[in-house]
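Below: one structure, written as C-alpha cells.
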Amino acid sequence: MRKLLGLLIIFLLVLASSCVPTRKITYLQESRTVKNDSLITFQKVQSPYRLQINDILSIQIKAPFDPSLVSMFNAGVGQGAAQGGGQAGAQAAGLYFNGYTIDQHGDIRVPRLGKIQALGFTLEELTELIEKRLLTEYFKENADLFVTVRLGGLRYVMTGEVSRMGEQVIFRDQVTVVEAIANGGGVPITGDLTNIRIVRQYPEGVKVHHVDLTQLDVIYSPYYYIQPNDMIVVDPLPQKALGTGTTGLASFTTIISVFTALVTTLLFFTRL
C-alpha cells in the first residue's frame with residue numbers, strides 16, 4: 001500500500017510539473033508596479049536602418065515637368081510577376097523581379113545611373129544621393145524632381161517552436177516582434193515566450209538578442225521593433241520534451257493511464 005501511495009505522490013508531482021503555466025504563454029502581462037489601464041509611454045523612434053546585402057529596394061522617380069525622361073528610370077517598376085500567394089505575395093514577387101537588389105559588393109544598378117553604392121546607407125541618405133545625381137546629370141533644377149526609396153517590405157524569418165516556419169514579409173516601415181510573430185501564425189502553447197531570441201545582422205557580424213514577450217516591459221526594449229533580415233527563434237518549453245501533455249487534462253489522462261498500468265503490473269507480481 002505504501003508503494004502505491006509513493007507512486008501516486010510521484011505521479012502527482014509529475015502532473016504538476018508537466019502542465020504549462022499560464023504565465024508562460026500569456027503575452028504582455030502587466031507589471032505589478034503598474035496599475036491596470038494606466039497610460040504607458042514608450043519611444044517609437046528607432047535608430048535608422050542601415051542597408052544590407054540582399055535588401056530589395058523600391059525606387060520611384062517623379063518629375064511632373066519632364067515625364068518622358070522619368071519613364072526611362074521607372075520602366076518595369078510595379079509590373080508584378082507573381083502567381084498567387086495573396087496581395088502580399090504578389091507585391092513581394094513583383095519587387096523581387098523588378099526591384100533593386102543590393103548585390104554582394106553592396107551596389108545596386110539603376111537605369112542610366114549605373115552602379116550606386118548602397119551598403120551601409122540609410123534610406124534617406126540613398127534618396128539624397130540618387131536625387132543629387134539625377135539633378136546633376138539629367139534633370140534641371142526646375143523639374144520638380146521627387147525621389148522615393150523604400151525597402152521592398154520588411155523581411156524576416158521565423159523558426160523553432162512556431163506555427164509556420166520560414167520567411168515572412170510585412171509591407172510596413174515599423175513592425176514589433178509581437179506583430180511579426182502574429183503575422184507568422186503565432187506561437188503554439190508549447191513555445192517559450194519568456195526567451196524569444198532575435199538573431200540580427202550587423203556590419204561587423206551577427207548578434208543574438210533576447211526578449212521576454214510575457215512582460216509588458218518588453219516595449220521598452222531596443223529590440224521590440226524588428227529589423228529587416230531578423231531571425232526570430234522560439235524555443236520549446238520543457239513540457240514538450242516530457243511528452244505528458246500541455247494541459248492539465250491531457251497530462252492527467254496520460255499519467256492515469258501509466259499509473260493504472262503500473263498498479264496492475266505491481267499487483268500481478270505481488271500475488272505470484
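Each chain of the C-alpha cells is named A, B, ... in the order shown, its residues numbered from 1; ligands are numbered from 1 in display order.
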Problem set entry | Selection: 10 Å around His209 in chain A, only C-alpha atoms, excl. self and same-chain fewer than 5 positions, as a PyMOL selection string | chain A and resi 195-200+222-223+232
Problem set entry | DSSP-assigned strand (DSSP E or B) among range 12-237 of chain A, expressed as a count of residues only | 60
Exercise. Smallest atom-to-atom distance to Arg50 in chain A: which of A:Thr122, A:Gln104, A:Ala63, A:Leu145, using only C-alpha atoms?
Worked result: A:Thr122
For this session: Please identify all polymer residues within 9 Å of range 185-194 of chain A, counting only C-alpha atoms, omitting same-chain residues fewer than 5 positions from it, and present them as a list in words.
Result: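 Result of the neighbour search: Val20, Lys24, Ile25, Thr26, Tyr27, Gly160, Glu161, Val162, Ser163, Arg164, Met165, Val178, Ala180, His210, Val211, Asp212, Leu213, Thr214, Gln215, Val234, Asp235, Pro236, Leu237, Pro238, Gln239, Lys240 and Thr246 of chain A.
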Take the residues from that selection and write them out as an mmCIF file, in the first residue's frame, keeping C-alpha atoms.
```
data_model
loop_
_atom_site.group_PDB
_atom_site.id
_atom_site.type_symbol
_atom_site.label_atom_id
_atom_site.label_comp_id
_atom_site.auth_asym_id
_atom_site.auth_seq_id
_atom_site.Cartn_x
_atom_site.Cartn_y
_atom_site.Cartn_z
ATOM 1 C CA VAL A 20 2.270 24.623 -18.991
ATOM 2 C CA LYS A 24 4.492 31.429 -19.672
ATOM 3 C CA ILE A 25 2.019 31.544 -22.552
ATOM 4 C CA THR A 26 0.368 34.923 -21.970
ATOM 5 C CA TYR A 27 1.632 37.913 -23.939
ATOM 6 C CA GLY A 160 11.764 26.942 -33.882
ATOM 7 C CA GLU A 161 8.553 26.274 -31.942
ATOM 8 C CA VAL A 162 6.287 28.369 -34.180
ATOM 9 C CA SER A 163 3.115 27.674 -36.125
ATOM 10 C CA ARG A 164 4.639 28.497 -39.502
ATOM 11 C CA MET A 165 8.372 28.488 -40.141
ATOM 12 C CA VAL A 178 4.643 40.623 -31.360
ATOM 13 C CA ALA A 180 5.815 39.771 -36.585
ATOM 14 C CA HIS A 210 16.715 38.078 -26.006
ATOM 15 C CA VAL A 211 13.238 39.421 -25.240
ATOM 16 C CA ASP A 212 10.531 38.256 -22.841
ATOM 17 C CA LEU A 213 7.151 38.654 -24.525
ATOM 18 C CA THR A 214 5.229 37.708 -21.389
ATOM 19 C CA GLN A 215 6.162 41.029 -19.753
ATOM 20 C CA VAL A 234 11.315 30.386 -30.361
ATOM 21 C CA ASP A 235 12.477 27.529 -28.117
ATOM 22 C CA PRO A 236 10.115 24.771 -26.921
ATOM 23 C CA LEU A 237 9.073 24.585 -23.282
ATOM 24 C CA PRO A 238 10.403 21.658 -21.199
ATOM 25 C CA GLN A 239 6.838 20.286 -21.056
ATOM 26 C CA LYS A 240 7.080 19.336 -24.729
ATOM 27 C CA THR A 246 0.378 20.581 -22.465
#
```
Exercise. If we count only C-alpha atoms, what is near range 151-159 of chain A at a cut-off of 10 Å, once residues fewer than 2 positions away on the same chain are taken out, given as a PyMOL selection string?
Worked result: chain A and resi 51+55-59+88+91-96+99-101+123+149+161-175+180-181+184-186+198-200+226-235
For this session: Mind giving me the straight-line distance from CA of Ala118 in chain A to CA of Gly106 in chain A in Å, one decimal?
Result: 5.8 Å
Problem set entry | Exercise: His105 in chain A partners within 10 Å, only C-alpha atoms, chain neighbours under 2 positions left out, as number ranges by chain | A: 53, 102-103, 107-108, 117-119
Take the residues from that selection and put them in a file with C-alpha atoms, as a PDB file, in the first residue's frame.
```
ATOM      1  CA  ILE A  53      23.419  42.958 -48.805  1.00  0.00           C
ATOM      2  CA  ILE A 102      21.860  45.149 -53.178  1.00  0.00           C
ATOM      3  CA  ASP A 103      24.484  42.757 -54.547  1.00  0.00           C
ATOM      4  CA  ASP A 107      25.812  48.061 -55.076  1.00  0.00           C
ATOM      5  CA  ILE A 108      22.517  48.493 -56.892  1.00  0.00           C
ATOM      6  CA  GLN A 117      26.897  52.084 -53.618  1.00  0.00           C
ATOM      7  CA  ALA A 118      24.019  51.428 -51.198  1.00  0.00           C
ATOM      8  CA  LEU A 119      25.501  49.210 -48.468  1.00  0.00           C
TER       9      LEU A 119
END
```
